[in-house]
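Student: Below you'll find target_5.cif; it's mmCIF, C-alpha atoms and all ligand atoms; chains and numbers go by the auth columns.
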data_data
#
loop_
_atom_site.group_PDB
_atom_site.id
_atom_site.type_symbol
_atom_site.label_atom_id
_atom_site.label_comp_id
_atom_site.label_asym_id
_atom_site.label_seq_id
_atom_site.Cartn_x
_atom_site.Cartn_y
_atom_site.Cartn_z
_atom_site.B_iso_or_equiv
_atom_site.auth_seq_id
_atom_site.auth_asym_id
ATOM 1 C CA MET A 1 -3.172 15.697 5.086 0.00 3 A
ATOM 2 C CA GLU A 2 -1.575 17.485 2.202 0.00 4 A
ATOM 3 C CA ARG A 3 0.727 15.488 0.040 0.00 5 A
ATOM 4 C CA GLY A 4 4.264 16.165 1.083 0.00 6 A
ATOM 5 C CA GLU A 5 3.193 17.797 4.308 0.00 7 A
ATOM 6 C CA LYS A 6 5.687 16.719 6.905 0.00 8 A
ATOM 7 C CA LYS A 7 3.349 15.657 9.688 0.00 9 A
ATOM 8 C CA GLY A 8 1.460 13.471 7.243 0.00 10 A
ATOM 9 C CA LEU A 9 4.416 11.298 6.384 0.00 11 A
ATOM 10 C CA PHE A 10 3.495 8.622 8.903 0.00 12 A
ATOM 11 C CA TYR A 11 -0.251 8.507 8.241 0.00 13 A
ATOM 12 C CA PRO A 12 -1.666 5.831 5.950 0.00 14 A
ATOM 13 C CA ASP A 13 -4.658 7.027 3.952 0.00 15 A
ATOM 14 C CA VAL A 14 -6.671 3.823 4.209 0.00 16 A
ATOM 15 C CA LEU A 15 -6.293 0.693 6.301 0.00 17 A
ATOM 16 C CA PHE A 16 -7.411 -2.674 4.899 0.00 18 A
ATOM 17 C CA GLU A 17 -7.436 -6.016 6.660 0.00 19 A
ATOM 18 C CA ASN A 18 -5.817 -7.645 3.649 0.00 20 A
ATOM 19 C CA ILE A 19 -5.164 -6.949 -0.023 0.00 21 A
ATOM 20 C CA TYR A 20 -8.355 -8.676 -1.141 0.00 22 A
ATOM 21 C CA GLU A 21 -10.451 -5.868 0.286 0.00 23 A
ATOM 22 C CA ILE A 22 -8.966 -3.629 -2.386 0.00 24 A
ATOM 23 C CA THR A 23 -11.334 -4.088 -5.290 0.00 25 A
ATOM 24 C CA PRO A 24 -11.458 -2.579 -8.783 0.00 26 A
ATOM 25 C CA ASP A 25 -14.690 -0.798 -7.771 0.00 27 A
ATOM 26 C CA PHE A 26 -13.031 0.808 -4.765 0.00 28 A
ATOM 27 C CA LEU A 27 -10.066 1.904 -6.872 0.00 29 A
ATOM 28 C CA ARG A 28 -12.291 3.310 -9.607 0.00 30 A
ATOM 29 C CA ALA A 29 -14.350 5.264 -7.068 0.00 31 A
ATOM 30 C CA ASN A 30 -11.145 6.820 -5.766 0.00 32 A
ATOM 31 C CA GLY A 31 -9.558 7.668 -9.079 0.00 33 A
ATOM 32 C CA VAL A 32 -6.770 5.115 -8.691 0.00 34 A
ATOM 33 C CA ARG A 33 -5.245 3.882 -11.948 0.00 35 A
ATOM 34 C CA GLY A 34 -2.088 2.335 -10.579 0.00 36 A
ATOM 35 C CA ILE A 35 -0.750 0.600 -7.461 0.00 37 A
ATOM 36 C CA LEU A 36 2.881 0.372 -6.419 0.00 38 A
ATOM 37 C CA LEU A 37 3.072 -2.855 -4.463 0.00 39 A
ATOM 38 C CA ASP A 38 5.257 -3.884 -1.591 0.00 40 A
ATOM 39 C CA LEU A 39 5.801 -7.655 -1.790 0.00 41 A
ATOM 40 C CA ASP A 40 6.996 -9.136 1.502 0.00 42 A
ATOM 41 C CA ASN A 41 4.341 -9.465 4.180 0.00 43 A
ATOM 42 C CA THR A 42 1.985 -7.297 2.128 0.00 44 A
ATOM 43 C CA ILE A 43 1.192 -9.604 -0.803 0.00 45 A
ATOM 44 C CA ALA A 44 2.963 -12.731 0.421 0.00 46 A
ATOM 45 C CA PRO A 45 5.077 -13.881 3.373 0.00 47 A
ATOM 46 C CA TYR A 46 8.783 -14.364 2.719 0.00 48 A
ATOM 47 C CA GLU A 47 8.610 -18.125 2.266 0.00 49 A
ATOM 48 C CA ILE A 48 5.880 -18.085 -0.389 0.00 50 A
ATOM 49 C CA GLU A 49 7.772 -18.127 -3.665 0.00 51 A
ATOM 50 C CA GLN A 50 4.832 -18.293 -6.068 0.00 52 A
ATOM 51 C CA PRO A 51 1.495 -16.484 -6.024 0.00 53 A
ATOM 52 C CA THR A 52 -1.364 -18.574 -4.645 0.00 54 A
ATOM 53 C CA ASP A 53 -4.643 -19.018 -6.532 0.00 55 A
ATOM 54 C CA GLU A 54 -6.165 -16.274 -4.415 0.00 56 A
ATOM 55 C CA MET A 55 -3.335 -13.890 -5.262 0.00 57 A
ATOM 56 C CA ASN A 56 -3.584 -14.771 -8.947 0.00 58 A
ATOM 57 C CA ALA A 57 -7.302 -14.042 -8.910 0.00 59 A
ATOM 58 C CA TRP A 58 -6.633 -10.642 -7.321 0.00 60 A
ATOM 59 C CA PHE A 59 -3.964 -9.768 -9.898 0.00 61 A
ATOM 60 C CA THR A 60 -6.302 -10.881 -12.676 0.00 62 A
ATOM 61 C CA ALA A 61 -9.173 -8.747 -11.408 0.00 63 A
ATOM 62 C CA LEU A 62 -6.961 -5.668 -11.221 0.00 64 A
ATOM 63 C CA ARG A 63 -5.415 -6.288 -14.617 0.00 65 A
ATOM 64 C CA ASP A 64 -8.829 -6.789 -16.214 0.00 66 A
ATOM 65 C CA ALA A 65 -9.931 -3.477 -14.705 0.00 67 A
ATOM 66 C CA GLY A 66 -6.952 -1.754 -16.303 0.00 68 A
ATOM 67 C CA VAL A 67 -5.182 -1.014 -13.022 0.00 69 A
ATOM 68 C CA ARG A 68 -1.449 -0.705 -13.628 0.00 70 A
ATOM 69 C CA LEU A 69 0.807 -2.481 -11.172 0.00 71 A
ATOM 70 C CA ALA A 70 4.468 -2.453 -10.222 0.00 72 A
ATOM 71 C CA PHE A 71 6.442 -4.027 -7.419 0.00 73 A
ATOM 72 C CA VAL A 72 8.559 -1.574 -5.466 0.00 74 A
ATOM 73 C CA SER A 73 10.463 -3.740 -3.015 0.00 75 A
ATOM 74 C CA ASN A 74 13.428 -3.355 -0.747 0.00 76 A
ATOM 75 C CA ASN A 75 14.130 -7.037 -1.300 0.00 77 A
ATOM 76 C CA HIS A 76 16.625 -8.233 -3.886 0.00 78 A
ATOM 77 C CA GLY A 77 15.683 -8.912 -7.475 0.00 79 A
ATOM 78 C CA ASP A 78 15.932 -12.713 -7.244 0.00 80 A
ATOM 79 C CA ARG A 79 13.143 -12.959 -4.706 0.00 81 A
ATOM 80 C CA VAL A 80 10.844 -10.623 -6.595 0.00 82 A
ATOM 81 C CA THR A 81 11.634 -12.130 -9.994 0.00 83 A
ATOM 82 C CA ARG A 82 10.833 -15.618 -8.714 0.00 84 A
ATOM 83 C CA PHE A 83 7.500 -14.521 -7.329 0.00 85 A
ATOM 84 C CA ASN A 84 6.751 -12.413 -10.372 0.00 86 A
ATOM 85 C CA ARG A 85 7.743 -14.960 -13.027 0.00 87 A
ATOM 86 C CA ALA A 86 4.255 -15.765 -14.250 0.00 88 A
ATOM 87 C CA TRP A 87 3.058 -12.165 -14.267 0.00 89 A
ATOM 88 C CA GLY A 88 6.039 -10.123 -15.367 0.00 90 A
ATOM 89 C CA ILE A 89 4.767 -7.097 -13.475 0.00 91 A
ATOM 90 C CA PRO A 90 7.315 -4.263 -13.706 0.00 92 A
ATOM 91 C CA GLN A 91 9.552 -4.526 -10.671 0.00 93 A
ATOM 92 C CA PHE A 92 11.815 -2.082 -8.894 0.00 94 A
ATOM 93 C CA CYS A 93 13.956 -3.873 -6.347 0.00 95 A
ATOM 94 C CA LYS A 94 16.370 -2.737 -3.663 0.00 96 A
ATOM 95 C CA ALA A 95 14.161 0.332 -3.735 0.00 97 A
ATOM 96 C CA GLY A 96 15.698 1.746 -0.571 0.00 98 A
ATOM 97 C CA LYS A 97 12.361 2.749 0.973 0.00 99 A
ATOM 98 C CA PRO A 98 11.865 5.134 2.858 0.00 100 A
ATOM 99 C CA SER A 99 13.641 6.820 -0.029 0.00 101 A
ATOM 100 C CA PRO A 100 11.055 7.802 -2.646 0.00 102 A
ATOM 101 C CA LYS A 101 13.457 7.008 -5.492 0.00 103 A
ATOM 102 C CA GLY A 102 12.061 3.598 -6.400 0.00 104 A
ATOM 103 C CA MET A 103 8.500 4.919 -6.378 0.00 105 A
ATOM 104 C CA ARG A 104 9.376 7.863 -8.587 0.00 106 A
ATOM 105 C CA LEU A 105 11.153 5.582 -11.019 0.00 107 A
ATOM 106 C CA ALA A 106 8.129 3.273 -11.121 0.00 108 A
ATOM 107 C CA LEU A 107 5.758 6.192 -11.747 0.00 109 A
ATOM 108 C CA ARG A 108 7.891 7.402 -14.635 0.00 110 A
ATOM 109 C CA GLN A 109 8.157 4.003 -16.237 0.00 111 A
ATOM 110 C CA LEU A 110 4.452 3.280 -15.870 0.00 112 A
ATOM 111 C CA GLY A 111 3.517 6.721 -17.125 0.00 113 A
ATOM 112 C CA LEU A 112 1.399 7.437 -14.047 0.00 114 A
ATOM 113 C CA ALA A 113 0.904 10.676 -12.152 0.00 115 A
ATOM 114 C CA PRO A 114 1.160 10.634 -8.325 0.00 116 A
ATOM 115 C CA GLU A 115 -2.467 11.791 -8.049 0.00 117 A
ATOM 116 C CA GLU A 116 -3.798 8.692 -9.786 0.00 118 A
ATOM 117 C CA THR A 117 -1.501 6.218 -8.055 0.00 119 A
ATOM 118 C CA VAL A 118 -1.410 4.650 -4.607 0.00 120 A
ATOM 119 C CA SER A 119 1.231 2.664 -2.812 0.00 121 A
ATOM 120 C CA LEU A 120 0.295 -0.473 -0.865 0.00 122 A
ATOM 121 C CA GLY A 121 2.444 -1.834 1.931 0.00 123 A
ATOM 122 C CA ASP A 122 2.656 -3.070 5.509 0.00 124 A
ATOM 123 C CA GLN A 123 5.279 -0.797 7.073 0.00 125 A
ATOM 124 C CA ILE A 124 4.954 2.772 8.279 0.00 126 A
ATOM 125 C CA PHE A 125 8.601 3.734 8.450 0.00 127 A
ATOM 126 C CA THR A 126 9.549 2.419 5.024 0.00 128 A
ATOM 127 C CA ASP A 127 6.510 1.965 2.756 0.00 129 A
ATOM 128 C CA CYS A 128 4.340 4.777 4.059 0.00 130 A
ATOM 129 C CA VAL A 129 7.092 7.367 4.280 0.00 131 A
ATOM 130 C CA ALA A 130 8.424 6.544 0.811 0.00 132 A
ATOM 131 C CA ALA A 131 4.921 6.762 -0.659 0.00 133 A
ATOM 132 C CA HIS A 132 4.137 10.156 0.797 0.00 134 A
ATOM 133 C CA ARG A 133 7.544 11.503 -0.107 0.00 135 A
ATOM 134 C CA ALA A 134 6.784 10.532 -3.688 0.00 136 A
ATOM 135 C CA GLY A 135 3.421 12.303 -3.410 0.00 137 A
ATOM 136 C CA LEU A 136 1.321 9.126 -3.336 0.00 138 A
ATOM 137 C CA ARG A 137 -1.581 8.083 -1.195 0.00 139 A
ATOM 138 C CA PHE A 138 -0.690 5.110 0.986 0.00 140 A
ATOM 139 C CA TYR A 139 -2.866 2.059 1.651 0.00 141 A
ATOM 140 C CA ILE A 140 -1.760 -0.146 4.532 0.00 142 A
ATOM 141 C CA VAL A 141 -2.453 -3.781 5.427 0.00 143 A
ATOM 142 C CA PRO A 142 -1.196 -5.453 8.609 0.00 144 A
ATOM 143 C CA PRO A 143 1.917 -7.580 7.992 0.00 145 A
ATOM 144 C CA ILE A 144 0.757 -11.067 6.964 0.00 146 A
ATOM 145 C CA ARG A 145 2.622 -12.710 9.849 0.00 147 A
ATOM 146 C CA ASP A 146 0.607 -10.755 12.376 0.00 148 A
ATOM 147 C CA ARG A 147 -2.817 -11.016 10.834 0.00 149 A
ATOM 148 C CA LYS A 148 -3.852 -13.866 13.087 0.00 150 A
ATOM 149 C CA ASN A 149 -3.296 -11.474 15.977 0.00 151 A
ATOM 150 C CA LEU A 150 -4.923 -8.584 14.222 0.00 152 A
ATOM 151 C CA PHE A 151 -6.610 -7.199 17.277 0.00 153 A
ATOM 152 C CA PHE A 152 -3.442 -7.082 19.354 0.00 154 A
ATOM 153 C CA ARG A 153 -1.471 -5.748 16.465 0.00 155 A
ATOM 154 C CA PHE A 154 -3.804 -2.800 16.040 0.00 156 A
ATOM 155 C CA LYS A 155 -4.067 -2.257 19.720 0.00 157 A
ATOM 156 C CA ARG A 156 -0.289 -1.901 19.801 0.00 158 A
ATOM 157 C CA LEU A 157 -0.324 0.359 16.771 0.00 159 A
ATOM 158 C CA LEU A 158 -3.049 2.500 18.236 0.00 160 A
ATOM 159 C CA GLU A 159 -0.913 3.200 21.228 0.00 161 A
ATOM 160 C CA ARG A 160 1.429 5.114 18.988 0.00 162 A
ATOM 161 C CA PRO A 161 0.291 8.705 18.547 0.00 163 A
ATOM 162 C CA PHE A 162 0.753 8.910 14.817 0.00 164 A
ATOM 163 C CA VAL A 163 -1.518 5.973 14.087 0.00 165 A
ATOM 164 C CA ARG A 164 -4.321 6.831 16.480 0.00 166 A
ATOM 165 C CA SER A 165 -6.339 8.095 13.590 0.00 167 A
ATOM 166 C CA PHE A 166 -6.655 4.502 12.390 0.00 168 A
ATOM 167 C CA ARG A 167 -9.796 4.506 14.488 0.00 169 A
ATOM 168 C CA HIS A 168 -11.199 6.973 12.036 0.00 170 A
ATOM 169 C CA TYR A 169 -9.714 5.377 8.963 0.00 171 A
ATOM 170 C CA ARG A 170 -11.402 2.084 9.779 0.00 172 A
ATOM 171 C CA LEU A 171 -14.778 3.746 9.453 0.00 173 A
ATOM 172 C CA TYR A 172 -14.022 4.518 5.863 0.00 174 A
ATOM 173 C CA LEU A 173 -13.179 1.029 4.757 0.00 175 A
ATOM 174 C CA SER A 174 -14.819 0.023 1.492 0.00 176 A
ATOM 175 C CA LYS A 175 -16.281 3.474 1.052 0.00 177 A
ATOM 176 C CA THR A 176 -13.891 6.111 -0.084 0.00 178 A
ATOM 177 C CA ASP A 177 -10.390 7.201 0.748 0.00 179 A
ATOM 178 C CA SER A 178 -11.339 10.841 0.393 0.00 180 A
ATOM 179 C CA MET A 179 -11.815 11.714 4.016 0.00 181 A
ATOM 180 C CA PRO A 180 -13.103 15.070 5.141 0.00 182 A
ATOM 181 C CA ARG A 181 -9.976 17.103 5.805 0.00 183 A
ATOM 182 C CA ARG A 182 -10.930 18.142 9.294 0.00 184 A
ATOM 183 C CA GLN A 183 -11.137 14.520 10.420 0.00 185 A
ATOM 184 C CA LYS A 184 -7.574 13.843 9.466 0.00 186 A
ATOM 185 C CA GLY A 185 -5.290 14.280 12.414 0.00 187 A
ATOM 186 C CA ARG A 186 -8.013 15.648 14.681 0.00 188 A
ATOM 187 C CA ASP A 187 -10.331 14.202 17.227 0.00 189 A
ATOM 188 C CA LEU A 188 -7.495 12.020 18.392 0.00 190 A
ATOM 189 C CA THR A 189 -7.832 10.815 21.922 0.00 191 A
HETATM 190 MG MG MG B . 6.704 -5.437 3.545 0.00 1 B
#
Now, as a test, write the supplied structure out as structure tokens.
Ligand SMILES: [Mg+2]
Tutor:
Amino acid sequence: MERGEKKGLFYPDVLFENIYEITPDFLRANGVRGILLDLDNTIAPYEIEQPTDEMNAWFTALRDAGVRLAFVSNNHGDRVTRFNRAWGIPQFCKAGKPSPKGMRLALRQLGLAPEETVSLGDQIFTDCVAAHRAGLRFYIVPPIRDRKNLFFRFKRLLERPFVRSFRHYRLYLSKTDSMPRRQKGRDLT
């Protein structure tokens, strides 16, 4: 899928089971220097106000690897600020995703180019569309609430035509997000 190509708007580039599968090694291998993060149900469920130890360890690993981070959230600033207090990660709230505005603003302020940045979120119609409109690759995780029912969640997703290629994307987990072009959007049954 070409960046900005209309039919690609709804296609995540890589599917992960959770954020912890996204490692500094994986990012380095894929030329990723920055991640624009969705917060709710991607990093933490709504009711978790502070990062857990596991989340802190993940942030630390990324920071130590020099990966630049920003929150781009449709939620209000209070929620994000509370969660972000200890880290002070740049945050762009009420981002209005699927508008790409918040993502573009974040890129500018972080000094990152779209080619070296990915967006990470849990929603196709907001996170994924906004990311691709801004020219970013999009990494998806299932919403935290549904992870216990992962199988059924994906089964439901796979019934939708535009996510059928997840079957292919899964094969590429932990390898590379540079899929052969011809496999994107083809061989869909
Ligand atoms: Mg979300």
Student: Go ahead and compute the interatomic distance for CA of Val69 in chain A and CA of Ile50 in chain A, in Å to one decimal.
Tutor: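 Straight-line distance from CA of Val69 in chain A to CA of Ile50 in chain A works out to 23.9 Å.
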Student: Nearest residue to ligand MG 1 (chain B) out of A:Leu38, A:Ala46, A:Val16, A:Ile91, using only C-alpha atoms and all ligand atoms?
Tutor: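 Between A:Leu38, A:Ala46, A:Val16, A:Ile91, the residue approaching ligand MG 1 (chain B) most closely is A:Ala46.
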Student: Counting only C-alpha atoms and all ligand atoms, what are the residues, protein, DNA or RNA alike, that approach ligand MG 1 (chain B) to within 7 Å? I want them as a list in words.
Tutor: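 The neighbouring residues of ligand MG 1 (chain B) are, in order, Asp40, Leu41, Asp42, Asn43, Thr44, Gly123, Asp124, Gln125 and Pro145 of chain A.
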Student: Would you list the contacts of Gln93 in chain A as a compact mmCIF listing (two decimals) with C-alpha atoms, in the coordinates of the input, taking every protein, DNA or RNA residue within 8 Å and counting all atoms listed in the file, but skipping same-chain residues closer than 5 positions in sequence?
Tutor:
# COMPACT_ATOMS: atom_id res chain seq x y z
CA ALA A 72 4.47 -2.45 -10.22
CA PHE A 73 6.44 -4.03 -7.42
CA VAL A 74 8.56 -1.57 -5.47
CA SER A 75 10.46 -3.74 -3.02
CA VAL A 82 10.84 -10.62 -6.60
CA THR A 83 11.63 -12.13 -9.99
CA ALA A 108 8.13 3.27 -11.12
Student: What's around Tyr22 in chain A at 9 Å? Count only C-alpha atoms, leave out sequence neighbours fewer than 5 positions away in its own chain, and write the answer as a ChimeraX atom specification.
Tutor: /A:56-57,60
Student: Determine, counting all atoms listed in the file, every residue of protein, DNA or RNA that lies within 12 Å of (-2.1, 9.7, -8.1) in the file coordinates, then give the result as a list in words.
Tutor: Arg5, Leu29, Asn32, Gly33, Val34, Arg35, Gly36, Ile37, Leu38, Arg70, Met105, Arg106, Leu109, Gly113, Leu114, Ala115, Pro116, Glu117, Glu118, Thr119, Val120, Ser121, Ala133, His134, Ala136, Gly137, Leu138, Arg139 and Phe140 of chain A
Student: To one decimal place in Å, what is the distance between CA of Pro47 in chain A and CA of Ile126 in chain A?
Tutor: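 CA of Ile126 in chain A lies at a distance of 17.4 Å from CA of Pro47 in chain A.
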Student: Kindly give the distance, in Å, that separates CA of Ile142 in chain A and CA of Leu11 in chain A, rounded to a single decimal.
Tutor: 13.1 Å
Student: Go through A:Cys95, A:Leu107, A:Ile21, A:Leu39 one by one, measure the shortest atom-to-atom distance of each to Asp80 in chain A using all atoms listed in the file, and give the residue with the smallest value.
Tutor: A:Cys95
Student: So which residues fall inside 10 Å of (2.9, -21.1, -9.4) if we count all atoms listed in the file? Mind giving them as a list in words?
Tutor: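 In the file's frame, the residues around the point are Ile50, Glu51, Gln52, Pro53, Thr54, Asp55, Asn58, Arg84, Phe85, Asn86, Arg87 and Ala88 of chain A.
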Student: With all atoms listed in the file as the atoms that count, which of A:Val131, A:Leu112, A:Asp15, A:Pro26 lies nearest to Asp66 in chain A?
Tutor: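 Looking only at the distances to Asp66 in chain A, the closest residue turns out to be A:Pro26.
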Student: Give me the residues within 8 Å of Ser101 in chain A as a PDB file with C-alpha atoms, in the frame of the given file, counting only C-alpha atoms and dropping any in the same chain fewer than 3 places off.
Tutor:
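Output contents, as saved in result_35.pdb:
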ATOM      1  CA  ALA A  97      14.161   0.332  -3.735  1.00  0.00           C
ATOM      2  CA  GLY A  98      15.698   1.746  -0.571  1.00  0.00           C
ATOM      3  CA  GLY A 104      12.061   3.598  -6.400  1.00  0.00           C
ATOM      4  CA  THR A 128       9.549   2.419   5.024  1.00  0.00           C
ATOM      5  CA  VAL A 131       7.092   7.367   4.280  1.00  0.00           C
ATOM      6  CA  ALA A 132       8.424   6.544   0.811  1.00  0.00           C
ATOM      7  CA  ARG A 135       7.544  11.503  -0.107  1.00  0.00           C
TER       8      ARG A 135
END
